[in-house]
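Engineer: Here you go, this is start.cif (mmCIF, C-alpha atoms).
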data_structure
loop_
_atom_site.label_atom_id
_atom_site.label_comp_id
_atom_site.auth_asym_id
_atom_site.auth_seq_id
_atom_site.Cartn_x
_atom_site.Cartn_y
_atom_site.Cartn_z
CA MET A 1 83.37 97.72 93.81
CA VAL A 2 85.04 98.34 90.47
CA VAL A 3 85.96 95.41 88.21
CA TYR A 4 88.52 96.62 85.69
CA GLY A 5 88.68 94.52 82.53
CA ALA A 6 85.91 93.20 80.28
CA GLY A 7 87.36 89.85 79.27
CA HIS A 8 86.16 86.46 80.48
CA ALA A 9 87.64 86.93 83.96
CA GLY A 10 86.24 90.44 84.39
CA LYS A 11 82.80 89.36 83.22
CA THR A 12 82.80 86.40 85.63
CA VAL A 13 83.95 88.47 88.62
CA ALA A 14 81.45 91.25 87.89
CA ARG A 15 78.60 88.74 87.65
CA VAL A 16 79.54 87.06 90.95
CA VAL A 17 79.91 90.39 92.78
CA ALA A 18 76.59 91.66 91.39
CA ALA A 19 74.85 88.44 92.43
CA SER A 20 76.14 88.91 95.98
CA GLY A 21 74.29 92.21 96.22
CA LEU A 22 77.29 94.54 96.23
CA PRO A 23 77.15 97.53 93.88
CA VAL A 24 79.62 96.92 91.05
CA VAL A 25 80.85 98.93 88.08
CA LEU A 26 82.53 97.23 85.13
CA ALA A 27 85.34 99.40 83.78
CA GLY A 28 87.98 99.20 81.10
CA ARG A 29 89.63 100.89 78.15
CA ASP A 30 87.52 99.79 75.18
CA LEU A 31 84.13 101.55 75.19
CA ARG A 32 82.40 99.13 72.83
CA ARG A 33 83.60 96.00 74.60
CA VAL A 34 82.97 97.29 78.11
CA LYS A 35 79.48 98.54 77.22
CA VAL A 36 78.46 95.22 75.69
CA VAL A 37 79.76 93.11 78.58
CA ALA A 38 78.28 95.41 81.24
CA SER A 39 74.91 95.25 79.51
CA ASN A 40 75.14 91.46 79.41
CA VAL A 41 75.93 91.27 83.13
CA GLY A 42 73.41 93.96 84.03
CA VAL A 43 75.75 96.45 85.72
CA PRO A 44 76.80 100.05 84.97
CA PHE A 45 80.05 100.69 83.14
CA ALA A 46 82.84 103.27 83.08
CA ILE A 47 85.79 104.01 80.83
CA ALA A 48 89.21 104.94 82.18
CA SER A 49 92.71 104.65 80.75
CA THR A 50 95.46 103.25 82.95
CA THR A 51 97.81 105.82 81.39
CA ILE A 52 95.77 108.84 82.57
CA PRO A 53 95.92 109.21 86.38
CA SER A 54 93.02 111.68 86.52
CA GLU A 55 90.70 109.15 84.84
CA LEU A 56 91.71 106.47 87.33
CA ASP A 57 91.15 108.87 90.22
CA GLY A 58 87.66 109.60 88.90
CA LEU A 59 86.98 105.88 88.63
CA LEU A 60 88.30 104.86 92.05
CA GLY A 61 87.46 107.91 94.15
CA ASP A 62 84.28 106.39 95.63
CA ALA A 63 85.18 102.71 95.28
CA MET A 64 85.72 100.36 98.21
CA ALA A 65 87.88 98.03 96.11
CA VAL A 66 89.06 97.43 92.56
CA VAL A 67 89.63 94.02 91.01
CA ASN A 68 92.01 94.20 88.05
CA THR A 69 91.53 91.53 85.37
CA ALA A 70 92.78 93.56 82.38
CA GLY A 71 95.69 91.95 80.62
CA PRO A 72 98.49 92.13 80.10
CA LEU A 73 98.53 92.96 83.79
CA ALA A 74 102.18 93.90 83.64
CA ALA A 75 100.96 96.98 81.73
CA THR A 76 97.83 97.79 83.75
CA ALA A 77 98.62 96.79 87.34
CA PRO A 78 101.37 99.26 88.37
CA SER A 79 99.31 102.38 87.57
CA LEU A 80 96.13 100.85 89.02
CA ILE A 81 97.98 99.94 92.23
CA ASP A 82 99.28 103.52 92.53
CA ALA A 83 95.80 104.94 91.88
CA ALA A 84 94.20 102.57 94.39
CA ILE A 85 96.64 103.58 97.14
CA ARG A 86 96.20 107.25 96.23
CA ASN A 87 92.43 106.98 96.56
CA GLY A 88 92.27 104.69 99.59
CA THR A 89 90.82 101.83 97.53
CA HIS A 90 91.74 98.21 98.22
CA TYR A 91 93.33 96.48 95.22
CA LEU A 92 93.10 92.86 94.04
CA ASP A 93 94.14 91.18 90.79
CA ILE A 94 94.64 87.84 89.07
CA ALA A 95 98.21 88.48 87.93
CA ASN A 96 101.03 86.01 87.53
CA GLU A 97 103.48 88.42 85.92
CA PRO A 98 106.67 89.18 87.89
CA GLU A 99 106.34 92.90 87.10
CA VAL A 100 103.05 92.98 89.01
CA LEU A 101 104.47 91.20 92.06
CA ALA A 102 107.45 93.57 92.03
CA ALA A 103 105.14 96.61 91.84
CA ALA A 104 103.13 95.30 94.78
CA PHE A 105 106.26 94.72 96.85
CA ARG A 106 107.49 98.24 96.09
CA SER A 107 104.19 99.74 97.19
CA ASP A 108 103.94 97.75 100.43
CA SER A 109 105.10 100.45 102.87
CA LEU A 110 102.93 103.19 101.37
CA ALA A 111 99.91 100.88 101.17
CA ARG A 112 100.27 99.98 104.86
CA GLU A 113 100.64 103.65 105.73
CA ARG A 114 97.40 104.48 103.88
CA GLY A 115 95.51 101.45 105.23
CA VAL A 116 95.09 99.94 101.77
CA SER A 117 95.29 96.22 101.07
CA VAL A 118 97.15 95.28 97.88
CA VAL A 119 96.45 91.61 97.14
CA VAL A 120 97.93 90.26 93.92
CA GLY A 121 97.99 86.84 92.30
CA LEU A 122 94.47 85.65 93.09
CA GLY A 123 94.15 83.78 89.79
CA LEU A 124 95.18 80.27 88.81
CA GLY A 125 98.88 81.04 89.17
CA VAL A 126 100.19 82.48 92.41
CA ALA A 127 97.31 81.55 94.73
CA VAL A 128 97.24 77.91 93.65
CA SER A 129 101.04 77.58 93.62
CA GLU A 130 101.31 78.92 97.15
CA ALA A 131 98.51 76.68 98.41
CA ALA A 132 100.19 73.63 96.85
CA ALA A 133 103.57 74.66 98.24
CA VAL A 134 102.22 75.06 101.77
CA GLU A 135 100.71 71.58 101.61
CA ALA A 136 103.85 69.98 100.14
CA LEU A 137 106.20 71.61 102.64
CA SER A 138 103.94 70.64 105.53
CA LEU A 139 104.60 67.02 104.51
CA LEU A 140 108.33 67.58 103.85
CA PRO A 141 109.29 70.35 106.29
CA GLU A 142 113.06 69.86 105.86
CA SER A 143 112.98 70.57 102.12
CA GLN A 144 115.33 73.23 100.79
CA ARG A 145 114.23 73.16 97.13
CA LEU A 146 110.79 73.76 95.66
CA GLU A 147 109.88 73.04 92.04
CA VAL A 148 106.49 74.01 90.61
CA VAL A 149 105.10 72.98 87.22
CA PHE A 150 102.48 75.44 86.01
CA ALA A 151 100.37 73.63 83.40
CA PRO A 152 96.97 75.27 82.81
CA ARG A 153 94.46 73.15 80.93
CA GLY A 154 90.89 73.36 79.75
CA LEU A 155 90.81 77.16 79.73
CA GLY A 156 89.51 77.46 76.16
CA SER A 157 90.98 79.84 73.60
CA PRO A 158 93.35 82.32 75.27
CA THR A 159 92.53 86.02 75.06
CA VAL A 160 94.86 88.52 73.40
CA GLY A 161 96.04 89.61 76.86
CA VAL A 162 96.86 86.03 77.86
CA VAL A 163 98.78 85.42 74.64
CA ARG A 164 100.78 88.62 75.16
CA THR A 165 101.57 87.58 78.71
CA MET A 166 102.74 84.13 77.56
CA LEU A 167 105.02 85.64 74.93
CA GLN A 168 106.39 88.17 77.40
CA THR A 169 107.14 85.38 79.87
CA LEU A 170 109.10 83.51 77.22
CA ALA A 171 110.96 86.68 76.26
CA HIS A 172 112.15 87.14 79.86
CA GLY A 173 114.17 83.95 79.66
CA PRO A 174 114.74 81.56 82.57
CA TYR A 175 115.10 82.76 86.15
CA ALA A 176 115.41 80.79 89.36
CA VAL A 177 115.87 81.51 93.04
CA ALA A 178 119.12 80.10 94.45
CA ASP A 179 120.03 80.50 98.11
CA GLY A 180 117.29 83.10 98.42
CA ARG A 181 118.54 85.23 95.52
CA LEU A 182 116.92 85.74 92.12
CA VAL A 183 119.28 84.52 89.39
CA ARG A 184 118.92 85.01 85.63
CA HIS A 185 120.15 82.20 83.39
CA ASN A 186 120.88 81.94 79.68
CA PRO A 187 117.95 80.90 77.44
CA GLY A 188 117.74 77.12 77.24
CA TRP A 189 119.00 76.61 80.79
CA GLY A 190 117.19 74.05 82.88
CA VAL A 191 115.15 72.41 80.11
CA ARG A 192 114.43 68.81 81.07
CA PRO A 193 112.04 65.99 80.21
CA GLY A 194 108.88 65.59 82.22
CA TYR A 195 105.64 63.62 82.38
CA LEU A 196 102.26 65.12 83.12
CA GLY A 197 98.79 63.80 83.79
CA ARG A 198 97.39 60.40 84.58
CA ASP A 199 98.52 59.09 81.19
CA ALA A 200 102.08 60.29 81.84
CA VAL A 201 102.24 62.28 78.60
CA PRO A 202 105.89 62.97 77.72
CA THR A 203 106.77 66.64 77.46
CA SER A 204 109.63 69.05 78.04
CA LEU A 205 109.71 71.36 81.04
CA ILE A 206 111.17 74.85 80.67
CA PRO A 207 111.95 77.24 83.55
CA VAL A 208 109.91 80.45 83.35
CA PHE A 209 109.95 83.79 85.13
CA THR A 210 106.48 84.22 86.61
CA GLY A 211 104.93 85.85 89.63
CA ASP A 212 104.86 82.44 91.32
CA LEU A 213 108.65 82.51 91.51
CA LEU A 214 108.78 85.83 93.36
CA ALA A 215 105.85 85.01 95.62
CA LEU A 216 107.13 81.57 96.60
CA SER A 217 110.64 82.87 97.27
CA ARG A 218 109.20 85.34 99.81
CA SER A 219 106.51 83.19 101.40
CA GLN A 220 108.05 79.72 101.69
CA PRO A 221 110.97 78.61 103.91
CA VAL A 222 113.15 77.22 101.12
CA GLY A 223 116.31 78.59 99.56
CA ASP A 224 115.85 77.34 96.00
CA VAL A 225 112.73 77.77 93.85
CA ILE A 226 112.13 77.00 90.16
CA VAL A 227 108.87 77.35 88.24
CA TYR A 228 108.41 75.30 85.05
CA THR A 229 105.87 75.19 82.27
CA PRO A 230 105.50 72.25 79.84
CA VAL A 231 105.85 72.31 76.06
CA ARG A 232 104.89 69.47 73.72
CA LEU A 233 108.28 69.16 72.05
CA PRO A 234 111.14 66.67 72.43
CA THR A 235 113.66 67.88 74.98
CA MET A 236 116.53 68.27 72.50
CA SER A 237 114.31 70.29 70.14
CA THR A 238 113.15 72.45 73.03
CA ARG A 239 116.72 73.25 74.04
CA VAL A 240 117.29 74.60 70.55
CA ALA A 241 113.90 76.29 70.04
CA VAL A 242 113.60 78.15 73.34
CA PRO A 243 116.76 80.31 72.99
CA ALA A 244 115.82 81.16 69.40
CA ALA A 245 112.26 82.10 70.37
CA SER A 246 113.44 84.17 73.35
CA ALA A 247 115.90 86.11 71.22
CA LEU A 248 113.26 86.74 68.55
CA LEU A 249 110.72 87.99 71.11
CA ARG A 250 113.23 90.28 72.82
CA SER A 251 114.05 91.88 69.47
CA GLN A 252 110.42 92.84 68.79
#
Produce structure tokens that represent the structure in this file.
Structural biologist:
Amino acid sequence: MVVYGAGHAGKTVARVVAASGLPVVLAGRDLRRVKVVASNVGVPFAIASTTIPSELDGLLGDAMAVVNTAGPLAATAPSLIDAAIRNGTHYLDIANEPEVLAAAFRSDSLARERGVSVVVGLGLGVAVSEAAAVEALSLLPESQRLEVVFAPRGLGSPTVGVVRTMLQTLAHGPYAVADGRLVRHNPGWGVRPGYLGRDAVPTSLIPVFTGDLLALSRSQPVGDVIVYTPVRLPTMSTRVAVPAASALLRSQ
């Protein structure tokens, strides 16, 4: 098995796979970082760029599966998915970026034809959202609208890849699924007050375009889906700040 990505997630996955007795190679783009982490885990390492197909073919040619943890996954997943299908290697990742879900959906027919499993969203985003949605809709089976608040906590300092992903999500602006169709709204749409946690901490909720939104719209029997994330700002301030931040990020 190949674990691609030498951040915290890649290190954790590689250690768990190695402990299970499966042969594992830790791979990535940064030689120094990958070498250090692989040495720490006690597994061999390899270097391959996601922009050079021949390097990915050399990496995946003998692999049973590849787990992609290298962020931002919107940049690494599409080429790794293509290489995995090309080499008959099963693909898994921890993505919650809509670009990754879209790439997986586009590759579905070819992956099935080649007998390759492409399983995306196994991190704290898509997998948990879908599990929660299944449970909620089992209790309220007549529901036509699903709202999810994605509020990660206690994850420590975010990596550079995570920060880039968060900024990219904000730059997308708000999307929602209405009557089964993906709809883009103007920045600032849908901002509302919310309360989170046992102490009911006041916050503002902003709609975001994440992989959860695409996954839930395909997997759950509801017509309307919105995914929110909280920000610690008053609602009126958030309605002003979010459009400005989105415009600034899109201009970069």
Engineer: What does the PyMOL selection byres ((chain A and resi 209-223) around 8) select in this file, as a ChimeraX atom specification?
Structural biologist: /A:95-102,121,125-126,129-130,133-134,143-146,169-170,172-180,207-208,224-227
Engineer: Quick one: axis-aligned box around all listed atoms of region 236-248 of chain A, 8 Å on every side, centre and edge lengths in Å to one decimal, written as JSON.
Structural biologist:
{"center_x": 114.8, "center_y": 77.5, "center_z": 71.3, "size_x": 21.0, "size_y": 34.5, "size_z": 21.5}
Engineer: Could you check how far CA of Leu205 (chain A) sits from CA of Arg181 (chain A), in Å to one decimal?
Structural biologist: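 Separating CA of Leu205 (chain A) from CA of Arg181 (chain A) is a distance of 21.9 Å.
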Engineer: Expanded to explicit residues, what is the PyMOL selection byres ((chain A and resi 7) around 12) for this file, as a VMD selection string?
Structural biologist: chain A and resid 3 to 6 8 to 14 26 to 30 33 to 38 68 to 72 158 to 162
Engineer: Take CA of Ala63 (chain A) and CA of Ala103 (chain A) and report the distance between them in Å, one decimal.
Structural biologist: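 Here the two named atoms are 21.2 Å from each other.
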Engineer: Within 9 Å of (102.0, 69.7, 84.2) (file coordinates; all atoms listed in the file), which protein or nucleic acid residues are there? I'd like them as a list in words.
Structural biologist: Val148, Val149, Phe150, Ala151, Pro152, Arg153, Gly194, Tyr195, Leu196, Gly197, Thr203, Leu205, Tyr228, Thr229 and Pro230 of chain A
Engineer: Find the residue from A:Arg15, A:Arg32, A:Arg192, A:Arg114 that sits nearest to Ser204 (chain A); use only C-alpha atoms when measuring.
Structural biologist: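 The shortest atom-to-atom distance to Ser204 (chain A) comes from A:Arg192.
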Engineer: Report the distance between CA of Ile52 (chain A) and CA of Leu167 (chain A) in Å, rounded to one decimal place.
Structural biologist: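 A separation of 26.1 Å between them.
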Engineer: Since I can't run it myself right now, could you work out what the PyMOL selection byres ((chain A and resi 85-89) around 7) selects here and report it as a VMD selection string?
Structural biologist: chain A and resid 57 60 to 61 63 to 66 81 to 84 90 to 91 111 114 116
Engineer: For those residues, write C-alpha atoms to a file as a PDB file, in the coordinates of the input.
Structural biologist:
ATOM      1  CA  ASP A  57      91.150 108.870  90.220  1.00  0.00           C
ATOM      2  CA  LEU A  60      88.300 104.860  92.050  1.00  0.00           C
ATOM      3  CA  GLY A  61      87.460 107.910  94.150  1.00  0.00           C
ATOM      4  CA  ALA A  63      85.180 102.710  95.280  1.00  0.00           C
ATOM      5  CA  MET A  64      85.720 100.360  98.210  1.00  0.00           C
ATOM      6  CA  ALA A  65      87.880  98.030  96.110  1.00  0.00           C
ATOM      7  CA  VAL A  66      89.060  97.430  92.560  1.00  0.00           C
ATOM      8  CA  ILE A  81      97.980  99.940  92.230  1.00  0.00           C
ATOM      9  CA  ASP A  82      99.280 103.520  92.530  1.00  0.00           C
ATOM     10  CA  ALA A  83      95.800 104.940  91.880  1.00  0.00           C
ATOM     11  CA  ALA A  84      94.200 102.570  94.390  1.00  0.00           C
ATOM     12  CA  HIS A  90      91.740  98.210  98.220  1.00  0.00           C
ATOM     13  CA  TYR A  91      93.330  96.480  95.220  1.00  0.00           C
ATOM     14  CA  ALA A 111      99.910 100.880 101.170  1.00  0.00           C
ATOM     15  CA  ARG A 114      97.400 104.480 103.880  1.00  0.00           C
ATOM     16  CA  VAL A 116      95.090  99.940 101.770  1.00  0.00           C
TER      17      VAL A 116
END
Engineer: Taking (98.9, 104.8, 81.8) in the coordinates of the supplied file, I want to know which residues reach to within 9 Å of it, counting only C-alpha atoms; could you give the answer as a list in words?
Structural biologist: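 Using only C-alpha atoms, the matching residues come out as Ser49, Thr50, Thr51, Ile52, Pro53, Ala75, Thr76, Pro78, Ser79 and Leu80 of chain A.
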Engineer: Considering all atoms listed in the file, can you say which of A:Leu137, A:Val41, A:Ile206, A:Leu233 comes closest to Ala18 (chain A)?
Structural biologist: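 Among A:Leu137, A:Val41, A:Ile206, A:Leu233, it is A:Val41 that comes nearest to Ala18 (chain A).
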